[in-house]
Amino acid sequence: MSADSSVSKETVNPAVDGSELIRFDKVTKRFGTNTVLDSLDFTVSSGKHVTLIGPSGSGKTTILRLLMTLTNPDEGTIKVAGDYLNHEEKNGKLVPAGEKHVREVRKNIGMVFQQFNLFPNMKVMRNITEAPVHVLGLSKDEAEERARGLLELVGLTEHVDKYPTQLSGGQQQRVAIARALAMRPQVLLLDEVTSALDPELVAGVLDVLRDIAHTTDITMLCVTHEMNFARDISDDVLMFDAGRVIESGSPEKIFSEPDNERTRQFLSAVL
């Protein structure tokens, strides 16, 4: 898979209009006595590539886990594509959302995890088609056609009939990217997707993601320590510390002329 190969926008996701796609409003998340997110206000516009940087424990991955409803906020609200994620409006009041509502809103979101989380008992093709068939209601033929296009995108067409254990870590992560994109999400969440890979496998996965970022309209929200990758793909970079955004701006601004001393300290340690 070369970084300059072309990708059909239709392979990945529908068109976007630049409107607000994600909104965190006064979101607080605690684990015991530790406040991981502290009254966070945060938005992402559709079609933008936003990268979250900062030290471990600063709240970055928690944002992704909240969007996937793997954990719930203690205070505040989250909206995705104009709909509340964890709440519903009933009789003019916000109440906790039912599972059906959460599932419907969450269909707009795809996530690629650090650990590939593939189904070990399913071959590559079924790993990618399982959710489109059972969640989106696609026919098996439709789902397989979509999967073949995505396997071409991530450079794995020859591995369609293999099980995950027959693939390298980098290949498994590329299958995981294809699986997330098969749901045609409006936003793709990327959580340190190369951190579990051997160093020689990192470049291939990052090339795939660069290709997606540069040639499609999909919104991306990325947590990464790969600063060159963040510089390459980002429209906006947000620096987190102690559960708050302490600085945000273009990659050129953040990586070359950060205003905040904490940002300068962090970047000097990782660059």
# chains A, B, ... in the order shown; residues from 1 in each chain; ligands from 1
call {"tool": "residues_around", "arguments": {"residues": "A:Arg106", "least_positions_apart": "3", "cutoff": "9 Å", "atoms": "only C-alpha atoms", "output": "MDAnalysis selection string"}}
result
chainID A and resid 67:69 80 85 101:103 109:110 185
call {"tool": "select_by_dssp", "arguments": {"residues": "stretch 16-229 of chain A", "states": "helix (DSSP H, G or I)", "output": "VMD selection string"}}
result
chain A and resid 60 to 67 99 to 106 124 to 134 140 to 153 157 to 159 164 to 166 169 to 181 199 to 215 227 to 229
call {"tool": "atom_distance", "arguments": {"atom1": "atom CA of A:Gln114", "atom2": "atom CA of A:Gln172"}}
result
11.0 Å
call {"tool": "select_by_dssp", "arguments": {"residues": "stretch 13-143 of chain A", "states": "strand (DSSP E)", "output": "compact mmCIF listing (two decimals) with all heavy atoms, in the first residue's frame"}}
result
# COMPACT_ATOMS: atom_id res chain seq x y z
N GLU A 20 -20.87 21.04 12.72
CA GLU A 20 -20.40 20.45 13.97
C GLU A 20 -20.84 18.99 14.07
O GLU A 20 -22.01 18.68 13.92
CB GLU A 20 -20.95 21.25 15.15
CG GLU A 20 -20.48 20.77 16.50
CD GLU A 20 -21.08 21.61 17.61
OE1 GLU A 20 -20.57 22.72 17.85
OE2 GLU A 20 -22.08 21.15 18.21
N LEU A 21 -19.89 18.11 14.33
CA LEU A 21 -20.20 16.68 14.39
C LEU A 21 -20.16 16.16 15.83
O LEU A 21 -20.98 15.31 16.20
CB LEU A 21 -19.20 15.90 13.53
CG LEU A 21 -19.39 14.38 13.43
CD1 LEU A 21 -20.79 14.04 12.90
CD2 LEU A 21 -18.33 13.77 12.53
N ILE A 22 -19.23 16.63 16.62
CA ILE A 22 -19.08 16.18 18.01
C ILE A 22 -19.08 17.40 18.91
O ILE A 22 -18.42 18.40 18.61
CB ILE A 22 -17.77 15.40 18.21
CG1 ILE A 22 -17.80 14.09 17.41
CG2 ILE A 22 -17.53 15.10 19.69
CD1 ILE A 22 -16.46 13.39 17.35
N ARG A 23 -19.83 17.33 20.01
CA ARG A 23 -19.80 18.40 21.01
C ARG A 23 -19.78 17.81 22.42
O ARG A 23 -20.68 17.04 22.78
CB ARG A 23 -21.01 19.32 20.87
CG ARG A 23 -21.16 20.31 22.04
CD ARG A 23 -22.24 21.34 21.84
NE ARG A 23 -21.83 22.34 20.87
CZ ARG A 23 -21.12 23.43 21.17
NH1 ARG A 23 -20.73 23.66 22.41
NH2 ARG A 23 -20.81 24.31 20.23
N PHE A 24 -18.75 18.15 23.18
CA PHE A 24 -18.71 17.88 24.61
C PHE A 24 -19.06 19.18 25.32
O PHE A 24 -18.44 20.22 25.06
CB PHE A 24 -17.30 17.46 25.04
CG PHE A 24 -16.95 16.02 24.79
CD1 PHE A 24 -17.13 15.44 23.54
CD2 PHE A 24 -16.43 15.23 25.82
CE1 PHE A 24 -16.79 14.12 23.31
CE2 PHE A 24 -16.09 13.90 25.60
CZ PHE A 24 -16.28 13.35 24.35
N ASP A 25 -20.05 19.13 26.20
CA ASP A 25 -20.49 20.33 26.91
C ASP A 25 -20.35 20.08 28.41
O ASP A 25 -21.11 19.30 28.99
CB ASP A 25 -21.94 20.65 26.54
CG ASP A 25 -22.41 21.98 27.10
OD1 ASP A 25 -21.56 22.77 27.56
OD2 ASP A 25 -23.63 22.22 27.07
N LYS A 26 -19.33 20.74 29.01
CA LYS A 26 -19.08 20.64 30.46
C LYS A 26 -18.97 19.17 30.92
O LYS A 26 -19.52 18.79 31.96
CB LYS A 26 -20.19 21.33 31.24
CG LYS A 26 -20.43 22.79 30.87
CD LYS A 26 -19.40 23.69 31.54
CE LYS A 26 -19.70 25.17 31.34
NZ LYS A 26 -19.59 25.61 29.93
N VAL A 27 -18.24 18.36 30.16
CA VAL A 27 -18.13 16.93 30.48
C VAL A 27 -17.06 16.70 31.54
O VAL A 27 -15.90 17.10 31.37
CB VAL A 27 -17.82 16.10 29.21
CG1 VAL A 27 -17.49 14.66 29.58
CG2 VAL A 27 -19.01 16.14 28.26
N THR A 28 -17.47 16.07 32.61
CA THR A 28 -16.55 15.66 33.68
C THR A 28 -16.59 14.14 33.80
O THR A 28 -17.67 13.54 33.76
CB THR A 28 -16.94 16.31 35.02
OG1 THR A 28 -16.76 17.73 34.91
CG2 THR A 28 -16.08 15.79 36.16
N LYS A 29 -15.41 13.54 33.95
CA LYS A 29 -15.32 12.10 34.17
C LYS A 29 -14.32 11.84 35.28
O LYS A 29 -13.19 12.32 35.24
CB LYS A 29 -14.87 11.37 32.89
CG LYS A 29 -14.76 9.86 33.07
CD LYS A 29 -16.08 9.23 33.45
CE LYS A 29 -15.94 7.76 33.79
NZ LYS A 29 -17.22 7.17 34.24
N ARG A 30 -14.78 11.10 36.28
CA ARG A 30 -13.93 10.74 37.41
C ARG A 30 -13.78 9.22 37.50
O ARG A 30 -14.72 8.49 37.18
CB ARG A 30 -14.51 11.25 38.73
CG ARG A 30 -14.78 12.74 38.77
CD ARG A 30 -15.36 13.16 40.13
NE ARG A 30 -15.83 14.54 40.09
CZ ARG A 30 -17.07 14.90 39.76
NH1 ARG A 30 -17.97 13.96 39.45
NH2 ARG A 30 -17.41 16.16 39.75
N PHE A 31 -12.62 8.80 37.92
CA PHE A 31 -12.41 7.42 38.31
C PHE A 31 -11.97 7.44 39.76
O PHE A 31 -10.83 7.82 40.07
CB PHE A 31 -11.37 6.73 37.42
CG PHE A 31 -11.80 6.59 35.98
CD1 PHE A 31 -11.31 7.42 35.00
CD2 PHE A 31 -12.74 5.61 35.63
CE1 PHE A 31 -11.72 7.29 33.68
CE2 PHE A 31 -13.16 5.47 34.32
CZ PHE A 31 -12.65 6.31 33.34
N ASN A 34 -9.96 10.49 41.22
CA ASN A 34 -9.17 11.07 40.13
C ASN A 34 -10.09 11.67 39.07
O ASN A 34 -10.87 10.95 38.43
CB ASN A 34 -8.27 10.00 39.51
CG ASN A 34 -7.38 10.56 38.41
OD1 ASN A 34 -7.05 11.75 38.43
ND2 ASN A 34 -7.01 9.72 37.47
N THR A 35 -10.03 12.98 38.88
CA THR A 35 -10.82 13.65 37.83
C THR A 35 -10.02 13.60 36.54
O THR A 35 -8.99 14.28 36.40
CB THR A 35 -11.13 15.10 38.21
OG1 THR A 35 -11.88 15.11 39.43
CG2 THR A 35 -11.94 15.78 37.12
N VAL A 36 -10.49 12.79 35.59
CA VAL A 36 -9.75 12.57 34.34
C VAL A 36 -10.12 13.64 33.31
O VAL A 36 -9.26 14.09 32.54
CB VAL A 36 -10.03 11.16 33.80
CG1 VAL A 36 -9.26 10.91 32.50
CG2 VAL A 36 -9.65 10.12 34.83
N LEU A 37 -11.38 14.03 33.25
CA LEU A 37 -11.82 15.15 32.41
C LEU A 37 -12.54 16.14 33.32
O LEU A 37 -13.41 15.76 34.09
CB LEU A 37 -12.76 14.67 31.30
CG LEU A 37 -12.16 13.75 30.23
CD1 LEU A 37 -13.23 13.32 29.25
CD2 LEU A 37 -11.01 14.43 29.50
N ASP A 38 -12.17 17.41 33.17
CA ASP A 38 -12.61 18.42 34.12
C ASP A 38 -13.45 19.48 33.41
O ASP A 38 -12.92 20.43 32.83
CB ASP A 38 -11.38 19.05 34.78
CG ASP A 38 -11.75 19.98 35.92
OD1 ASP A 38 -12.94 20.08 36.26
OD2 ASP A 38 -10.83 20.63 36.47
N SER A 39 -14.77 19.28 33.40
CA SER A 39 -15.72 20.24 32.79
C SER A 39 -15.28 20.62 31.38
O SER A 39 -15.16 21.80 31.03
CB SER A 39 -15.83 21.48 33.68
OG SER A 39 -16.96 22.25 33.30
N LEU A 40 -15.07 19.60 30.55
CA LEU A 40 -14.48 19.77 29.22
C LEU A 40 -15.51 20.26 28.21
O LEU A 40 -16.55 19.66 28.02
CB LEU A 40 -13.89 18.44 28.74
CG LEU A 40 -13.27 18.45 27.34
CD1 LEU A 40 -12.02 19.30 27.30
CD2 LEU A 40 -12.95 17.02 26.89
N ASP A 41 -15.19 21.38 27.55
CA ASP A 41 -15.92 21.85 26.37
C ASP A 41 -15.04 21.58 25.16
O ASP A 41 -13.87 21.97 25.14
CB ASP A 41 -16.22 23.34 26.46
CG ASP A 41 -17.21 23.67 27.56
OD1 ASP A 41 -18.13 22.87 27.79
OD2 ASP A 41 -17.05 24.74 28.19
N PHE A 42 -15.64 20.95 24.12
CA PHE A 42 -14.79 20.41 23.05
C PHE A 42 -15.67 20.13 21.85
O PHE A 42 -16.75 19.55 21.98
CB PHE A 42 -14.16 19.12 23.61
CG PHE A 42 -13.48 18.23 22.61
CD1 PHE A 42 -12.28 18.59 22.03
CD2 PHE A 42 -14.03 16.99 22.29
CE1 PHE A 42 -11.64 17.76 21.14
CE2 PHE A 42 -13.40 16.15 21.41
CZ PHE A 42 -12.19 16.53 20.82
N THR A 43 -15.28 20.60 20.66
CA THR A 43 -16.06 20.33 19.46
C THR A 43 -15.16 19.87 18.33
O THR A 43 -13.97 20.23 18.27
CB THR A 43 -16.84 21.58 18.99
OG1 THR A 43 -15.92 22.62 18.67
CG2 THR A 43 -17.83 22.05 20.03
N VAL A 44 -15.74 19.09 17.42
CA VAL A 44 -15.07 18.65 16.20
C VAL A 44 -16.04 18.85 15.05
O VAL A 44 -17.19 18.41 15.12
CB VAL A 44 -14.65 17.17 16.28
CG1 VAL A 44 -14.01 16.73 14.96
CG2 VAL A 44 -13.69 16.93 17.44
N SER A 45 -15.59 19.52 13.99
CA SER A 45 -16.43 19.72 12.80
C SER A 45 -16.27 18.56 11.84
O SER A 45 -15.19 17.96 11.75
CB SER A 45 -16.03 21.03 12.09
OG SER A 45 -16.26 22.13 12.93
N HIS A 49 -9.68 16.65 10.71
CA HIS A 49 -8.80 15.65 11.34
C HIS A 49 -8.19 16.32 12.56
O HIS A 49 -7.40 17.25 12.44
CB HIS A 49 -7.70 15.20 10.38
CG HIS A 49 -8.23 14.72 9.07
ND1 HIS A 49 -7.65 15.05 7.86
CD2 HIS A 49 -9.30 13.95 8.76
CE1 HIS A 49 -8.33 14.49 6.88
NE2 HIS A 49 -9.35 13.83 7.40
N VAL A 50 -8.59 15.85 13.73
CA VAL A 50 -8.19 16.46 14.99
C VAL A 50 -7.36 15.46 15.78
O VAL A 50 -7.78 14.32 15.98
CB VAL A 50 -9.42 16.90 15.81
CG1 VAL A 50 -8.99 17.49 17.15
CG2 VAL A 50 -10.25 17.91 15.02
N THR A 51 -6.17 15.89 16.21
CA THR A 51 -5.28 15.02 16.98
C THR A 51 -5.16 15.53 18.40
O THR A 51 -4.98 16.74 18.63
CB THR A 51 -3.89 14.95 16.33
OG1 THR A 51 -4.03 14.42 15.01
CG2 THR A 51 -2.97 14.02 17.11
N LEU A 52 -5.28 14.61 19.35
CA LEU A 52 -5.14 14.92 20.77
C LEU A 52 -3.77 14.46 21.23
O LEU A 52 -3.42 13.29 21.06
CB LEU A 52 -6.23 14.20 21.58
CG LEU A 52 -7.66 14.29 21.05
CD1 LEU A 52 -8.61 13.55 21.99
CD2 LEU A 52 -8.11 15.72 20.86
N ILE A 53 -2.99 15.39 21.78
CA ILE A 53 -1.67 15.03 22.30
C ILE A 53 -1.61 15.41 23.76
O ILE A 53 -2.44 16.17 24.27
CB ILE A 53 -0.53 15.70 21.50
CG1 ILE A 53 -0.56 17.23 21.68
CG2 ILE A 53 -0.60 15.31 20.03
CD1 ILE A 53 0.65 17.95 21.11
N GLU A 75 -20.76 14.05 34.58
CA GLU A 75 -21.50 15.30 34.42
C GLU A 75 -21.35 15.76 32.98
O GLU A 75 -20.41 15.38 32.28
CB GLU A 75 -20.94 16.40 35.36
CG GLU A 75 -21.04 16.08 36.83
CD GLU A 75 -20.19 17.02 37.68
OE1 GLU A 75 -19.81 18.10 37.17
OE2 GLU A 75 -19.91 16.67 38.83
N GLY A 76 -22.30 16.59 32.53
CA GLY A 76 -22.23 17.15 31.19
C GLY A 76 -22.88 16.27 30.14
O GLY A 76 -23.40 15.18 30.44
N THR A 77 -22.87 16.76 28.90
CA THR A 77 -23.53 16.05 27.80
C THR A 77 -22.60 15.95 26.59
O THR A 77 -21.70 16.77 26.40
CB THR A 77 -24.82 16.78 27.36
OG1 THR A 77 -24.49 18.11 26.94
CG2 THR A 77 -25.84 16.82 28.49
N ILE A 78 -22.86 14.94 25.78
CA ILE A 78 -22.12 14.70 24.54
C ILE A 78 -23.14 14.60 23.41
O ILE A 78 -24.14 13.89 23.54
CB ILE A 78 -21.30 13.41 24.62
CG1 ILE A 78 -20.28 13.49 25.76
CG2 ILE A 78 -20.58 13.14 23.29
CD1 ILE A 78 -19.60 12.16 26.06
N LYS A 79 -22.87 15.31 22.32
CA LYS A 79 -23.71 15.20 21.13
C LYS A 79 -22.87 14.68 19.96
O LYS A 79 -21.70 15.05 19.81
CB LYS A 79 -24.31 16.55 20.74
CG LYS A 79 -25.54 16.94 21.54
CD LYS A 79 -26.16 18.23 20.97
CE LYS A 79 -27.51 18.52 21.61
NZ LYS A 79 -28.13 19.73 21.02
N VAL A 80 -23.49 13.83 19.13
CA VAL A 80 -22.87 13.33 17.90
C VAL A 80 -23.87 13.55 16.77
O VAL A 80 -25.01 13.08 16.84
CB VAL A 80 -22.51 11.84 18.01
CG1 VAL A 80 -21.89 11.35 16.70
CG2 VAL A 80 -21.54 11.60 19.16
N ASP A 83 -27.33 14.74 17.82
CA ASP A 83 -28.12 13.93 18.77
C ASP A 83 -27.33 13.70 20.05
O ASP A 83 -26.12 13.44 20.02
CB ASP A 83 -28.46 12.57 18.15
CG ASP A 83 -29.41 12.69 16.98
OD1 ASP A 83 -30.38 13.46 17.07
OD2 ASP A 83 -29.17 12.00 15.96
N TYR A 84 -28.03 13.78 21.17
CA TYR A 84 -27.39 13.43 22.44
C TYR A 84 -26.98 11.97 22.41
O TYR A 84 -27.72 11.11 21.93
CB TYR A 84 -28.32 13.68 23.61
CG TYR A 84 -28.50 15.14 23.95
CD1 TYR A 84 -29.67 15.81 23.61
CD2 TYR A 84 -27.49 15.84 24.60
CE1 TYR A 84 -29.84 17.16 23.91
CE2 TYR A 84 -27.65 17.19 24.91
CZ TYR A 84 -28.82 17.84 24.57
OH TYR A 84 -28.98 19.17 24.85
N HIS A 87 -28.04 10.75 26.46
CA HIS A 87 -29.32 11.27 26.95
C HIS A 87 -30.36 11.29 25.84
O HIS A 87 -30.03 11.26 24.66
CB HIS A 87 -29.14 12.69 27.50
CG HIS A 87 -28.19 12.79 28.65
ND1 HIS A 87 -26.82 12.91 28.47
CD2 HIS A 87 -28.41 12.79 29.98
CE1 HIS A 87 -26.24 12.98 29.67
NE2 HIS A 87 -27.17 12.92 30.58
N GLU A 88 -31.62 11.37 26.25
CA GLU A 88 -32.73 11.59 25.34
C GLU A 88 -33.58 12.72 25.91
O GLU A 88 -33.63 12.92 27.12
CB GLU A 88 -33.60 10.33 25.21
CG GLU A 88 -32.92 9.15 24.56
CD GLU A 88 -33.84 7.94 24.50
OE1 GLU A 88 -34.62 7.84 23.53
OE2 GLU A 88 -33.81 7.11 25.43
N GLU A 89 -34.24 13.43 25.02
CA GLU A 89 -35.16 14.47 25.47
C GLU A 89 -36.57 13.89 25.55
O GLU A 89 -37.11 13.39 24.56
CB GLU A 89 -35.13 15.66 24.50
CG GLU A 89 -33.82 16.43 24.52
CD GLU A 89 -33.85 17.67 23.66
OE1 GLU A 89 -34.39 18.69 24.14
OE2 GLU A 89 -33.38 17.61 22.52
N LYS A 90 -37.15 13.95 26.74
CA LYS A 90 -38.52 13.47 26.95
C LYS A 90 -39.27 14.50 27.79
O LYS A 90 -38.80 14.88 28.87
CB LYS A 90 -38.52 12.11 27.66
CG LYS A 90 -38.01 10.97 26.78
CD LYS A 90 -38.19 9.62 27.43
CE LYS A 90 -37.74 8.50 26.48
NZ LYS A 90 -37.85 7.17 27.10
N LYS A 93 -37.30 17.40 29.01
CA LYS A 93 -36.21 17.17 29.96
C LYS A 93 -35.22 16.15 29.39
O LYS A 93 -35.59 15.27 28.61
CB LYS A 93 -36.75 16.65 31.30
CG LYS A 93 -37.58 17.65 32.07
CD LYS A 93 -38.00 17.09 33.41
CE LYS A 93 -38.79 18.11 34.22
NZ LYS A 93 -39.19 17.56 35.55
N LEU A 94 -33.96 16.29 29.81
CA LEU A 94 -32.95 15.30 29.44
C LEU A 94 -32.96 14.16 30.45
O LEU A 94 -32.86 14.38 31.66
CB LEU A 94 -31.55 15.94 29.43
CG LEU A 94 -31.16 16.77 28.21
CD1 LEU A 94 -29.71 17.22 28.35
CD2 LEU A 94 -31.34 15.99 26.91
N VAL A 95 -33.09 12.94 29.92
CA VAL A 95 -33.07 11.75 30.77
C VAL A 95 -32.03 10.78 30.20
O VAL A 95 -31.66 10.88 29.03
CB VAL A 95 -34.46 11.07 30.83
CG1 VAL A 95 -35.50 12.04 31.41
CG2 VAL A 95 -34.90 10.60 29.44
N PRO A 96 -31.55 9.83 31.02
CA PRO A 96 -30.59 8.86 30.50
C PRO A 96 -31.17 8.10 29.31
O PRO A 96 -32.35 7.71 29.31
CB PRO A 96 -30.35 7.93 31.70
CG PRO A 96 -30.62 8.79 32.89
CD PRO A 96 -31.74 9.70 32.48
N ILE A 109 -20.10 6.30 14.58
CA ILE A 109 -18.73 6.33 15.10
C ILE A 109 -18.05 4.98 14.86
O ILE A 109 -18.62 3.94 15.15
CB ILE A 109 -18.74 6.62 16.62
CG1 ILE A 109 -19.49 7.91 16.91
CG2 ILE A 109 -17.32 6.69 17.16
CD1 ILE A 109 -19.82 8.09 18.39
N GLY A 110 -16.83 5.03 14.33
CA GLY A 110 -16.00 3.84 14.22
C GLY A 110 -14.74 4.04 15.03
O GLY A 110 -14.25 5.17 15.17
N MET A 111 -14.20 2.95 15.60
CA MET A 111 -13.01 3.09 16.43
C MET A 111 -12.01 2.00 16.11
O MET A 111 -12.37 0.84 15.92
CB MET A 111 -13.36 3.06 17.91
CG MET A 111 -12.16 3.30 18.84
SD MET A 111 -12.67 3.72 20.53
CE MET A 111 -11.07 3.89 21.33
N VAL A 112 -10.74 2.39 16.08
CA VAL A 112 -9.64 1.44 15.95
C VAL A 112 -8.84 1.53 17.25
O VAL A 112 -8.38 2.60 17.63
CB VAL A 112 -8.73 1.76 14.75
CG1 VAL A 112 -7.66 0.69 14.59
CG2 VAL A 112 -9.57 1.86 13.47
call {"tool": "decode", "arguments": {"residues": "stretch 32-42 of chain A", "atoms": "all heavy atoms", "output": "compact mmCIF listing (two decimals), in the first residue's frame"}}
result
# COMPACT_ATOMS: atom_id res chain seq x y z
N GLY A 32 -12.89 7.10 40.65
CA GLY A 32 -12.61 7.25 42.07
C GLY A 32 -12.43 8.72 42.41
O GLY A 32 -13.27 9.56 42.07
N THR A 33 -11.32 9.05 43.04
CA THR A 33 -11.06 10.45 43.40
C THR A 33 -10.28 11.19 42.31
O THR A 33 -9.99 12.38 42.45
CB THR A 33 -10.25 10.51 44.71
OG1 THR A 33 -9.02 9.78 44.54
CG2 THR A 33 -11.04 9.90 45.87
N ASN A 34 -9.96 10.49 41.22
CA ASN A 34 -9.17 11.07 40.13
C ASN A 34 -10.09 11.67 39.07
O ASN A 34 -10.87 10.95 38.43
CB ASN A 34 -8.27 10.00 39.51
CG ASN A 34 -7.38 10.56 38.41
OD1 ASN A 34 -7.05 11.75 38.43
ND2 ASN A 34 -7.01 9.72 37.47
N THR A 35 -10.03 12.98 38.88
CA THR A 35 -10.82 13.65 37.83
C THR A 35 -10.02 13.60 36.54
O THR A 35 -8.99 14.28 36.40
CB THR A 35 -11.13 15.10 38.21
OG1 THR A 35 -11.88 15.11 39.43
CG2 THR A 35 -11.94 15.78 37.12
N VAL A 36 -10.49 12.79 35.59
CA VAL A 36 -9.75 12.57 34.34
C VAL A 36 -10.12 13.64 33.31
O VAL A 36 -9.26 14.09 32.54
CB VAL A 36 -10.03 11.16 33.80
CG1 VAL A 36 -9.26 10.91 32.50
CG2 VAL A 36 -9.65 10.12 34.83
N LEU A 37 -11.38 14.03 33.25
CA LEU A 37 -11.82 15.15 32.41
C LEU A 37 -12.54 16.14 33.32
O LEU A 37 -13.41 15.76 34.09
CB LEU A 37 -12.76 14.67 31.30
CG LEU A 37 -12.16 13.75 30.23
CD1 LEU A 37 -13.23 13.32 29.25
CD2 LEU A 37 -11.01 14.43 29.50
N ASP A 38 -12.17 17.41 33.17
CA ASP A 38 -12.61 18.42 34.12
C ASP A 38 -13.45 19.48 33.41
O ASP A 38 -12.92 20.43 32.83
CB ASP A 38 -11.38 19.05 34.78
CG ASP A 38 -11.75 19.98 35.92
OD1 ASP A 38 -12.94 20.08 36.26
OD2 ASP A 38 -10.83 20.63 36.47
N SER A 39 -14.77 19.28 33.40
CA SER A 39 -15.72 20.24 32.79
C SER A 39 -15.28 20.62 31.38
O SER A 39 -15.16 21.80 31.03
CB SER A 39 -15.83 21.48 33.68
OG SER A 39 -16.96 22.25 33.30
N LEU A 40 -15.07 19.60 30.55
CA LEU A 40 -14.48 19.77 29.22
C LEU A 40 -15.51 20.26 28.21
O LEU A 40 -16.55 19.66 28.02
CB LEU A 40 -13.89 18.44 28.74
CG LEU A 40 -13.27 18.45 27.34
CD1 LEU A 40 -12.02 19.30 27.30
CD2 LEU A 40 -12.95 17.02 26.89
N ASP A 41 -15.19 21.38 27.55
CA ASP A 41 -15.92 21.85 26.37
C ASP A 41 -15.04 21.58 25.16
O ASP A 41 -13.87 21.97 25.14
CB ASP A 41 -16.22 23.34 26.46
CG ASP A 41 -17.21 23.67 27.56
OD1 ASP A 41 -18.13 22.87 27.79
OD2 ASP A 41 -17.05 24.74 28.19
N PHE A 42 -15.64 20.95 24.12
CA PHE A 42 -14.79 20.41 23.05
C PHE A 42 -15.67 20.13 21.85
O PHE A 42 -16.75 19.55 21.98
CB PHE A 42 -14.16 19.12 23.61
CG PHE A 42 -13.48 18.23 22.61
CD1 PHE A 42 -12.28 18.59 22.03
CD2 PHE A 42 -14.03 16.99 22.29
CE1 PHE A 42 -11.64 17.76 21.14
CE2 PHE A 42 -13.40 16.15 21.41
CZ PHE A 42 -12.19 16.53 20.82
